[in-house]
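Text of protein.txt (compact mmCIF, C-alpha atoms) as supplied:
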# COMPACT_ATOMS: atom_id res chain seq x y z
CA MET W 795 -9.58 13.46 -21.42
CA ARG W 796 -12.61 11.27 -20.85
CA ASN W 797 -13.57 10.90 -24.52
CA ALA W 798 -10.03 10.61 -25.87
CA PRO W 799 -9.09 7.28 -27.49
CA VAL W 800 -7.03 4.47 -26.08
CA ILE W 801 -3.85 4.13 -28.15
CA ALA W 802 -2.08 0.80 -28.60
CA ALA W 803 1.55 0.98 -29.73
CA VAL W 804 2.41 -2.03 -31.91
CA ASP W 805 5.48 -3.25 -33.79
CA GLY W 806 4.29 -6.72 -34.78
CA SER W 807 5.93 -8.49 -31.83
CA ASP W 808 3.99 -10.84 -29.60
CA HIS W 809 4.54 -8.40 -26.72
CA SER W 810 2.88 -5.55 -28.62
CA LEU W 811 -0.01 -7.76 -29.76
CA ALA W 812 -0.72 -8.62 -26.12
CA ALA W 813 -0.78 -4.88 -25.44
CA LEU W 814 -3.19 -4.40 -28.36
CA GLU W 815 -5.61 -6.93 -26.85
CA TRP W 816 -5.38 -5.18 -23.48
CA ALA W 817 -6.03 -1.83 -25.18
CA ARG W 818 -9.04 -3.22 -27.07
CA THR W 819 -10.76 -4.29 -23.86
CA ALA W 820 -9.83 -1.00 -22.16
CA ALA W 821 -11.41 0.99 -24.99
CA LEU W 822 -14.59 -1.09 -24.66
CA ARG W 823 -14.69 -0.61 -20.87
CA HIS W 824 -14.27 3.14 -21.16
CA ARG W 825 -16.56 3.40 -24.22
CA THR W 826 -14.03 5.24 -26.33
CA GLY W 827 -12.21 4.73 -29.62
CA LEU W 828 -9.08 2.66 -30.27
CA VAL W 829 -6.07 3.88 -32.22
CA VAL W 830 -3.47 1.30 -33.27
CA ALA W 831 -0.15 3.11 -33.80
CA HIS W 832 3.00 1.76 -35.42
CA VAL W 833 6.21 3.75 -35.65
CA LEU W 834 7.78 3.13 -39.06
CA PRO W 835 11.53 2.56 -39.48
CA ASP W 836 13.78 5.61 -39.51
CA SER W 837 13.77 7.85 -42.57
CA SER W 838 16.78 6.24 -44.30
CA GLN W 839 15.28 2.76 -43.98
CA LEU W 840 11.87 4.07 -45.01
CA TYR W 841 13.34 5.77 -48.10
CA ALA W 842 15.05 2.53 -49.13
CA ALA W 843 11.81 0.61 -48.55
CA ARG W 844 9.84 3.05 -50.68
CA ARG W 845 12.40 2.76 -53.49
CA SER W 846 11.98 -1.02 -53.29
CA ALA W 847 8.23 -0.57 -53.46
CA LEU W 848 8.58 1.43 -56.67
CA ALA W 849 10.64 -1.42 -58.15
CA ASP W 850 7.94 -3.91 -57.17
CA ALA W 851 4.64 -2.09 -57.53
CA SER W 852 2.72 -5.32 -57.00
CA GLU W 853 3.34 -5.22 -53.22
CA PRO W 854 3.95 -1.61 -52.14
CA GLU W 855 2.12 -1.90 -48.86
CA GLN W 856 4.34 -4.55 -47.32
CA TYR W 857 7.40 -2.43 -47.94
CA ALA W 858 5.86 0.83 -46.76
CA ASP W 859 4.52 -0.63 -43.52
CA PRO W 860 4.79 -4.40 -43.05
CA VAL W 861 2.91 -4.27 -39.73
CA ALA W 862 -0.21 -2.69 -41.23
CA GLU W 863 -1.45 -5.81 -42.99
CA GLN W 864 -0.78 -7.94 -39.92
CA ILE W 865 -2.91 -5.63 -37.77
CA ARG W 866 -5.70 -5.42 -40.36
CA THR W 867 -5.78 -9.24 -40.50
CA LEU W 868 -5.95 -9.49 -36.72
CA LEU W 869 -8.76 -6.94 -36.47
CA ALA W 870 -10.68 -8.64 -39.28
CA ALA W 871 -10.32 -11.97 -37.46
CA ALA W 872 -11.75 -10.34 -34.34
CA LYS W 873 -15.26 -10.14 -35.85
CA ASN W 874 -16.45 -12.58 -33.21
CA ALA W 875 -14.94 -10.39 -30.48
CA ASP W 876 -16.23 -6.99 -29.50
CA LEU W 877 -14.49 -4.01 -31.06
CA PRO W 878 -14.86 -0.33 -30.15
CA ASP W 879 -17.15 1.66 -32.44
CA GLU W 880 -14.16 3.54 -33.83
CA VAL W 881 -10.90 1.78 -34.66
CA ARG W 882 -8.20 3.35 -36.78
CA TYR W 883 -4.60 2.59 -37.71
CA GLU W 884 -1.87 5.24 -37.61
CA ALA W 885 1.57 4.88 -39.22
CA LEU W 886 4.03 7.24 -37.51
CA GLU W 887 7.54 8.38 -38.38
CA GLY W 888 10.46 9.33 -36.15
CA SER W 889 11.99 7.80 -33.06
CA VAL W 890 9.62 5.56 -31.13
CA PRO W 891 9.57 7.61 -27.89
CA GLU W 892 9.14 10.92 -29.70
CA ALA W 893 6.45 9.69 -32.13
CA LEU W 894 4.44 8.12 -29.30
CA ARG W 895 4.93 11.19 -27.12
CA VAL W 896 3.36 13.35 -29.84
CA ILE W 897 0.39 11.08 -30.51
CA GLY W 898 -0.06 10.53 -26.76
CA ALA W 899 -1.07 14.16 -26.36
CA GLU W 900 -4.53 13.17 -27.62
CA ALA W 901 -4.85 9.87 -25.73
CA ARG W 902 -6.82 8.74 -22.71
CA MET W 903 -3.99 6.26 -22.22
CA LEU W 904 -1.22 4.74 -24.29
CA VAL W 905 -0.73 0.97 -24.03
CA MET W 906 2.45 -0.86 -25.00
CA GLY W 907 4.30 -4.08 -24.31
CA SER W 908 7.18 -4.22 -21.86
CA ARG W 909 9.50 -5.31 -24.67
CA GLY W 910 9.33 -4.79 -28.39
CA ARG W 911 10.64 -6.61 -31.43
CA GLY W 912 14.34 -7.38 -31.14
CA GLY W 913 14.55 -6.86 -27.38
CA PHE W 914 16.95 -9.00 -25.37
CA ALA W 915 15.10 -11.90 -23.76
CA ALA W 916 16.67 -11.16 -20.36
CA LEU W 917 15.31 -7.62 -20.23
CA LEU W 918 12.25 -7.10 -18.04
CA LEU W 919 11.61 -3.67 -19.58
CA GLY W 920 12.71 -2.48 -23.01
CA SER W 921 14.32 0.90 -23.60
CA ASN W 922 11.40 2.24 -25.66
CA SER W 923 8.84 1.23 -23.03
CA ARG W 924 10.92 2.89 -20.32
CA ALA W 925 11.41 6.07 -22.37
CA VAL W 926 7.70 6.38 -23.26
CA ALA W 927 6.57 5.76 -19.67
CA THR W 928 8.98 8.51 -18.59
CA THR W 929 8.06 11.17 -21.18
CA ALA W 930 4.54 10.65 -22.55
CA PRO W 931 2.00 13.39 -21.74
CA CYS W 932 -0.70 10.80 -21.00
CA PRO W 933 -0.96 7.74 -18.73
CA VAL W 934 1.12 4.86 -20.10
CA VAL W 935 0.09 1.27 -19.44
CA VAL W 936 2.92 -1.26 -19.80
CA VAL W 937 1.72 -4.83 -20.32
CA PRO W 938 4.40 -7.37 -19.31
CA HIS W 939 5.43 -10.25 -21.53
CA ALA W 940 4.07 -13.71 -20.81
CA GLU W 941 7.14 -14.89 -18.92
CA ARG W 942 6.41 -12.35 -16.20
CA GLY W 943 2.73 -13.18 -15.83
CA VAL W 944 1.66 -15.00 -12.66
CA GLU W 945 -1.64 -16.65 -11.90
CA ALA W 946 -2.46 -15.91 -8.26
CA ALA W 947 -6.22 -15.65 -8.02
CA SER W 948 -6.11 -16.34 -4.28
CA GLU W 949 -4.05 -13.20 -3.59
CA PRO W 950 -5.87 -10.42 -1.68
CA SER W 951 -5.40 -8.10 -4.66
CA ALA W 952 -7.05 -10.48 -7.16
CA GLY W 953 -8.93 -8.52 -9.82
CA ARG W 954 -8.48 -5.17 -8.09
CA VAL W 955 -6.97 -1.90 -9.23
CA VAL W 956 -4.03 -1.36 -6.89
CA LEU W 957 -3.02 2.25 -6.25
CA GLY W 958 0.38 3.23 -4.86
CA LEU W 959 -0.34 6.34 -2.80
CA HIS W 960 1.84 8.82 -0.96
CA ALA W 961 -0.86 10.83 0.78
CA ALA W 962 1.07 14.12 0.66
CA GLU W 963 2.72 13.79 -2.74
CA THR W 964 0.70 11.70 -5.21
CA ALA W 965 -0.98 13.94 -7.78
CA ASP W 966 -4.77 14.04 -8.08
CA ASP W 967 -4.52 12.75 -11.67
CA VAL W 968 -3.12 9.45 -10.40
CA LEU W 969 -6.03 8.88 -8.04
CA ASP W 970 -8.54 9.89 -10.68
CA PHE W 971 -7.09 7.41 -13.18
CA ALA W 972 -7.20 4.56 -10.65
CA PHE W 973 -10.78 5.23 -9.54
CA ALA W 974 -12.04 5.74 -13.10
CA ASP W 975 -10.52 2.44 -14.19
CA ALA W 976 -11.93 0.61 -11.17
CA ALA W 977 -15.36 2.09 -11.87
CA ALA W 978 -15.19 0.93 -15.50
CA ARG W 979 -14.20 -2.57 -14.35
CA GLY W 980 -16.71 -2.71 -11.51
CA THR W 981 -13.97 -3.61 -9.06
CA THR W 982 -12.23 -2.41 -5.89
CA VAL W 983 -9.42 0.10 -5.48
CA GLN W 984 -6.81 -1.29 -3.10
CA VAL W 985 -4.68 1.58 -1.78
CA VAL W 986 -1.13 0.87 -0.63
CA SER W 987 0.97 3.43 1.28
CA ALA W 988 4.25 3.02 3.15
CA TYR W 989 5.33 4.48 6.49
CA ALA W 990 8.83 4.94 7.83
CA VAL W 991 10.49 2.06 9.66
CA PRO W 992 12.09 2.94 13.02
CA PRO W 993 15.85 2.29 13.10
CA ALA W 994 16.74 -1.22 14.23
CA PRO W 995 20.47 -2.08 14.22
CA ALA W 996 19.80 -5.81 14.32
CA LEU W 997 17.53 -5.63 11.25
CA VAL W 998 19.31 -6.33 7.97
CA ILE W 999 17.63 -5.43 4.69
CA ASP W 1000 19.38 -7.08 1.76
CA SER W 1001 17.03 -5.79 -0.94
CA PRO W 1002 15.59 -2.32 -1.57
CA PHE W 1003 12.26 -4.02 -2.32
CA THR W 1004 11.96 -6.02 0.92
CA VAL W 1005 8.69 -5.55 2.78
CA ILE W 1006 9.43 -5.84 6.48
CA PRO W 1007 6.77 -7.66 8.54
CA PRO W 1008 5.57 -5.92 11.72
CA GLU W 1009 7.41 -8.46 13.89
CA GLY W 1010 10.65 -7.21 12.35
CA LEU W 1011 10.21 -3.73 13.78
CA ALA W 1012 11.90 -2.48 16.92
CA ASP W 1013 9.65 -3.08 19.91
CA ASP W 1014 9.29 0.58 20.89
CA GLY W 1015 5.56 0.97 20.46
CA ASP W 1016 5.88 3.27 17.42
CA ALA W 1017 4.76 0.83 14.74
CA VAL W 1018 1.03 0.87 15.46
CA PRO W 1019 0.78 4.69 15.80
CA ALA W 1020 2.72 5.08 12.53
CA GLU W 1021 0.33 2.75 10.75
CA ARG W 1022 -2.70 4.49 12.22
CA GLU W 1023 -1.37 7.89 11.14
CA MET W 1024 -0.77 6.63 7.62
CA LEU W 1025 -4.29 5.18 7.40
CA ARG W 1026 -5.70 8.47 8.72
CA ALA W 1027 -3.77 10.42 6.05
CA GLN W 1028 -4.99 7.96 3.40
CA THR W 1029 -8.61 8.35 4.50
CA GLU W 1030 -8.40 12.14 4.32
CA ARG W 1031 -6.73 12.07 0.90
CA LEU W 1032 -9.23 9.57 -0.53
CA ALA W 1033 -12.37 11.36 0.70
CA PRO W 1034 -13.08 13.34 -2.52
CA TRP W 1035 -12.77 10.21 -4.66
CA ARG W 1036 -15.04 8.19 -2.39
CA THR W 1037 -17.64 10.92 -2.94
CA ARG W 1038 -17.02 11.10 -6.69
CA TYR W 1039 -17.09 7.31 -7.12
CA PRO W 1040 -19.55 6.10 -4.46
CA ASP W 1041 -19.94 2.67 -6.09
CA VAL W 1042 -16.21 1.87 -6.05
CA PRO W 1043 -15.22 -0.09 -2.91
CA VAL W 1044 -11.95 0.98 -1.31
CA GLU W 1045 -9.50 -1.14 0.68
CA GLN W 1046 -6.68 0.60 2.55
CA ALA W 1047 -3.29 -0.83 3.50
CA ALA W 1048 -0.35 0.81 5.28
CA VAL W 1049 2.91 -1.12 5.07
CA PRO W 1050 6.26 -0.56 6.76
CA GLY W 1051 9.25 0.45 4.67
CA ASP W 1052 9.15 0.77 0.88
CA ALA W 1053 5.81 0.34 -0.91
CA ALA W 1054 7.47 -0.99 -4.06
CA GLY W 1055 7.78 -4.57 -2.84
CA ARG W 1056 4.12 -4.72 -1.79
CA LEU W 1057 3.01 -3.27 -5.13
CA VAL W 1058 5.10 -5.81 -7.05
CA THR W 1059 3.57 -8.62 -4.98
CA ALA W 1060 0.07 -7.24 -5.57
CA SER W 1061 0.76 -7.13 -9.32
CA ARG W 1062 0.71 -10.94 -9.37
CA SER W 1063 -3.07 -10.88 -9.35
CA ALA W 1064 -4.16 -7.25 -9.69
CA ALA W 1065 -6.05 -6.16 -12.77
CA LEU W 1066 -3.83 -3.07 -12.85
CA VAL W 1067 -1.25 -1.35 -10.64
CA VAL W 1068 -1.36 2.47 -10.81
CA VAL W 1069 1.58 4.66 -9.81
CA GLY W 1070 2.48 8.32 -10.27
CA ARG W 1071 5.35 9.26 -12.54
CA HIS W 1072 7.16 11.92 -10.56
CA HIS W 1073 7.06 14.15 -7.54
CA PRO W 1074 4.42 16.87 -8.17
CA ARG W 1075 6.61 19.52 -6.55
CA ARG W 1076 8.86 19.30 -9.56
CA SER W 1077 7.71 21.09 -12.72
CA VAL W 1078 4.82 19.55 -14.64
CA GLY W 1079 7.19 19.01 -17.56
CA SER W 1080 9.62 17.01 -15.46
CA LEU W 1081 10.96 13.84 -17.06
CA MET W 1082 11.80 12.27 -13.72
CA ILE W 1083 10.27 8.97 -12.70
CA GLY W 1084 10.07 8.14 -9.02
CA SER W 1085 11.86 5.20 -7.42
CA VAL W 1086 8.62 3.35 -6.67
CA ALA W 1087 7.36 3.71 -10.26
CA HIS W 1088 10.78 2.65 -11.55
CA ALA W 1089 10.84 -0.48 -9.36
CA VAL W 1090 7.26 -1.50 -10.17
CA LEU W 1091 7.78 -1.05 -13.93
CA HIS W 1092 10.86 -3.26 -13.87
CA HIS W 1093 9.54 -6.01 -11.61
CA ALA W 1094 5.72 -6.14 -11.91
CA HIS W 1095 4.01 -9.35 -13.01
CA GLY W 1096 0.95 -7.61 -14.45
CA PRO W 1097 -0.04 -4.38 -16.23
CA VAL W 1098 1.23 -1.12 -14.70
CA ALA W 1099 -0.15 2.36 -15.39
CA VAL W 1100 2.33 5.22 -14.96
CA VAL W 1101 0.35 8.46 -14.66
CA PRO W 1102 1.96 11.88 -15.09
CA THR W 1103 0.70 15.12 -13.59
CA LEU W 1104 -1.78 16.17 -16.26
CA SER W 1105 -2.93 19.53 -14.87
CA ASP W 1106 -1.13 22.60 -13.59
CA GLY W 1107 -3.40 22.92 -10.60
CA VAL W 1108 -1.85 20.06 -8.61

Can I see the file as structure tokens?
Amino acid sequence: MRNAPVIAAVDGSDHSLAALEWARTAALRHRTGLVVAHVLPDSSQLYAARRSALADASEPEQYADPVAEQIRTLLAAAKNADLPDEVRYEALEGSVPEALRVIGAEARMLVMGSRGRGGFAALLLGSNSRAVATTAPCPVVVVPHAERGVEAASEPSAGRVVLGLHAAETADDVLDFAFADAAARGTTVQVVSAYAVPPAPALVIDSPFTVIPPEGLADDGDAVPAEREMLRAQTERLAPWRTRYPDVPVEQAAVPGDAAGRLVTASRSAALVVVGRHHPRRSVGSLMIGSVAHAVLHHAHGPVAVVPTLSDGV
């Protein structure tokens, strides 16, 4: 949905306000509208709040939706910053995942913080962020909280859109999202794929996210052919997008083992890491999230876009 708005989910927390700023610049880059959405408290709390508002008619708004005035103030203060041509505020009711799932049906992307108000400080990813990334019908961008941010401008991925690609399984929608975002930014797509590691009894992997260097592979001559085959498969898979986006530079990388660790490392300096939500051979309505997407969401240092299969033809 090229002309659909960017939606920012807010709850008044610092995490959600960082997501709102990210969404504002995304809407400007893609030349589309911005919707700021806040899910109101559950119906019992909302009913009590409205009764309180009737008892104090001088300040009904703060009881009905205390976040609304905060957002209006922030947007008014942004007069010196660029704003999309169309900005609107939406107050939603229901559970957070369900309300955002419904409004996400009309979104180009939905942007939210990795943790919301009241989240435990030790959590890298809040339950609402995880649920929305798993179920929303549109791409979901999760912006990490400040404690997870890392400045690493010297990293090879600095400023790029990093795409996690399984040449045979990643849905077309995932590639299209990555290339469209890179085109809007005027930056490079760095493509990361993983190939199988030959068995090596002496090699001990103590973390599922370890990226094994080539010198750690068994010396049987299979490593280079495996890498070449992966790069060949990448090149074939990327060909239509190179044609569609001729001005977007592409960098290709094939890594041994699990791609998740390399994607997490790249997130230290990438503008955005893009991953698919689930295996396309499952039904389009599947709520599954792949192991790579799960790992990157929980450990990334920068924004991550989780893209579902958006069309039946994949």

Legend entry - Residue contacts of Ala977 (chain W) (9 Å, only C-alpha atoms) excluding same-chain residues fewer than 5 positions away, as a list of chain:residue names: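 Counting only C-alpha atoms, the residues come to W:Ala972, W:Thr982, W:Val983, W:Tyr1039, W:Asp1041, W:Val1042.
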
Legend entry - Nearest to Ala962 (chain W) by atom-to-atom distance, counting all atoms listed in the file, from W:Arg1026, W:His939, W:Arg895, W:Arg882: W:Arg1026

Legend entry - CA of Ala1089 (chain W) to CA of Asp970 (chain W), straight-line distance in Å: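 So the two atoms, CA of Asp970 (chain W) and CA of Ala1089 (chain W), lie 22.0 Å apart.
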
Legend entry - Coordinates-based distance that separates CA of Val926 (chain W) from CA of Arg825 (chain W) (Å, one decimal): 24.5 Å

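Counting all atoms listed in the file and comparing W:Arg818, W:Arg866, W:Arg1071, W:Arg1031, the residue that lies closest to Glu880 (chain W) is W:Arg818.
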
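Residues lying within 12 Å of Pro1043 (chain W), counting all atoms listed in the file and ignoring same-chain neighbours fewer than 6 positions away, are W:Arg954, W:Val955, W:Val956, W:Phe973, W:Ala976, W:Ala977, W:Arg979, W:Gly980, W:Thr981, W:Thr982, W:Val983, W:Gln984, W:Val985, W:Leu1032, W:Trp1035, W:Arg1036, W:Thr1037.
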
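The list of residues with at least one atom within 6 Å of Val1058 (chain W), based on only C-alpha atoms and without residues fewer than 3 positions apart in the same chain, reads W:Gly1055, W:Ser1061, W:Val1090, W:Ala1094.
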
Legend entry - Straight-line distance linking CA of Val937 (chain W) with CA of Ala813 (chain W), stated in Å to one decimal: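 Spanning CA of Val937 (chain W) to CA of Ala813 (chain W) is a straight-line distance of 5.7 Å.
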
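With distances taken over all atoms listed in the file, W:Val934 is the one residue among W:Ala1060, W:Val1018, W:Val800, W:Val934 lying closest to Ala1099 (chain W).
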
Legend entry - Among listed residues W:Ser889, W:Ser987, W:Asn797, W:Thr867, nearest Gly1051 (chain W) (using only C-alpha atoms): W:Ser987

Inset, instruction - Quick one: residues within 6 Å of (6.3, -1.3, -37.0) (file frame), counting all atoms listed in the file, please, as a PyMOL selection string. - result: chain W and resi 805+832-834+861

Dump of C-alpha atoms for the selected residues, as a compact mmCIF listing (two decimals), in the coordinates of the input:
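Below is the file result_33.txt, written as the result:
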# COMPACT_ATOMS: atom_id res chain seq x y z
CA ASP W 805 5.48 -3.25 -33.79
CA HIS W 832 3.00 1.76 -35.42
CA VAL W 833 6.21 3.75 -35.65
CA LEU W 834 7.78 3.13 -39.06
CA VAL W 861 2.91 -4.27 -39.73

Inset, instruction - Write out as a list of chain:residue names the residues lying within 8 Å of Val830 (chain W), counting all atoms listed in the file and excluding same-chain residues fewer than 4 positions away. - result: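 Final neighbour list, sorted by chain and number: W:Ile801, W:Ala802, W:Ala803, W:Val804, W:Leu814, W:Val881, W:Arg882, W:Tyr883, W:Glu884.
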
Legend entry - Radius query 6 Å about (-7.3, 4.7, -24.2), atoms used: all atoms listed in the file, as an NGL selection string: :W and (799-801 or 821 or 901-903)

Axis-aligned box over every listed atom of region 953-956 of chain W, padded by 4 Å per side: centre and edges in Å to one decimal, as JSON?
{"center_x": -6.5, "center_y": -4.9, "center_z": -8.4, "size_x": 12.9, "size_y": 15.2, "size_z": 10.9}

Might you pull out every residue within 9 Å of Gly806 (chain W), with all atoms listed in the file counted and same-chain residues fewer than 4 positions away left off, and present them as a PDB file with C-alpha atoms, in the coordinates of the input?
ATOM      1  CA  SER W 810       2.880  -5.550 -28.620  1.00  0.00           C
ATOM      2  CA  LEU W 811      -0.010  -7.760 -29.760  1.00  0.00           C
ATOM      3  CA  HIS W 832       3.000   1.760 -35.420  1.00  0.00           C
ATOM      4  CA  PRO W 860       4.790  -4.400 -43.050  1.00  0.00           C
ATOM      5  CA  VAL W 861       2.910  -4.270 -39.730  1.00  0.00           C
ATOM      6  CA  ALA W 862      -0.210  -2.690 -41.230  1.00  0.00           C
ATOM      7  CA  GLN W 864      -0.780  -7.940 -39.920  1.00  0.00           C
ATOM      8  CA  ILE W 865      -2.910  -5.630 -37.770  1.00  0.00           C
ATOM      9  CA  GLY W 910       9.330  -4.790 -28.390  1.00  0.00           C
ATOM     10  CA  ARG W 911      10.640  -6.610 -31.430  1.00  0.00           C
TER      11      ARG W 911
END

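Considering the residues W:Gly827, W:Gly953, W:Gly958, W:Pro1102 and counting only C-alpha atoms, Ala1048 (chain W) has its shortest atom-to-atom contact with W:Gly958.
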
Legend entry - Selected residue of minimal separation from Ala988 (chain W) among W:Thr928, W:Val1086, W:Ala893, W:Ala1065, counting all atoms listed in the file: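 Between W:Thr928, W:Val1086, W:Ala893, W:Ala1065, the residue approaching Ala988 (chain W) most closely is W:Val1086.
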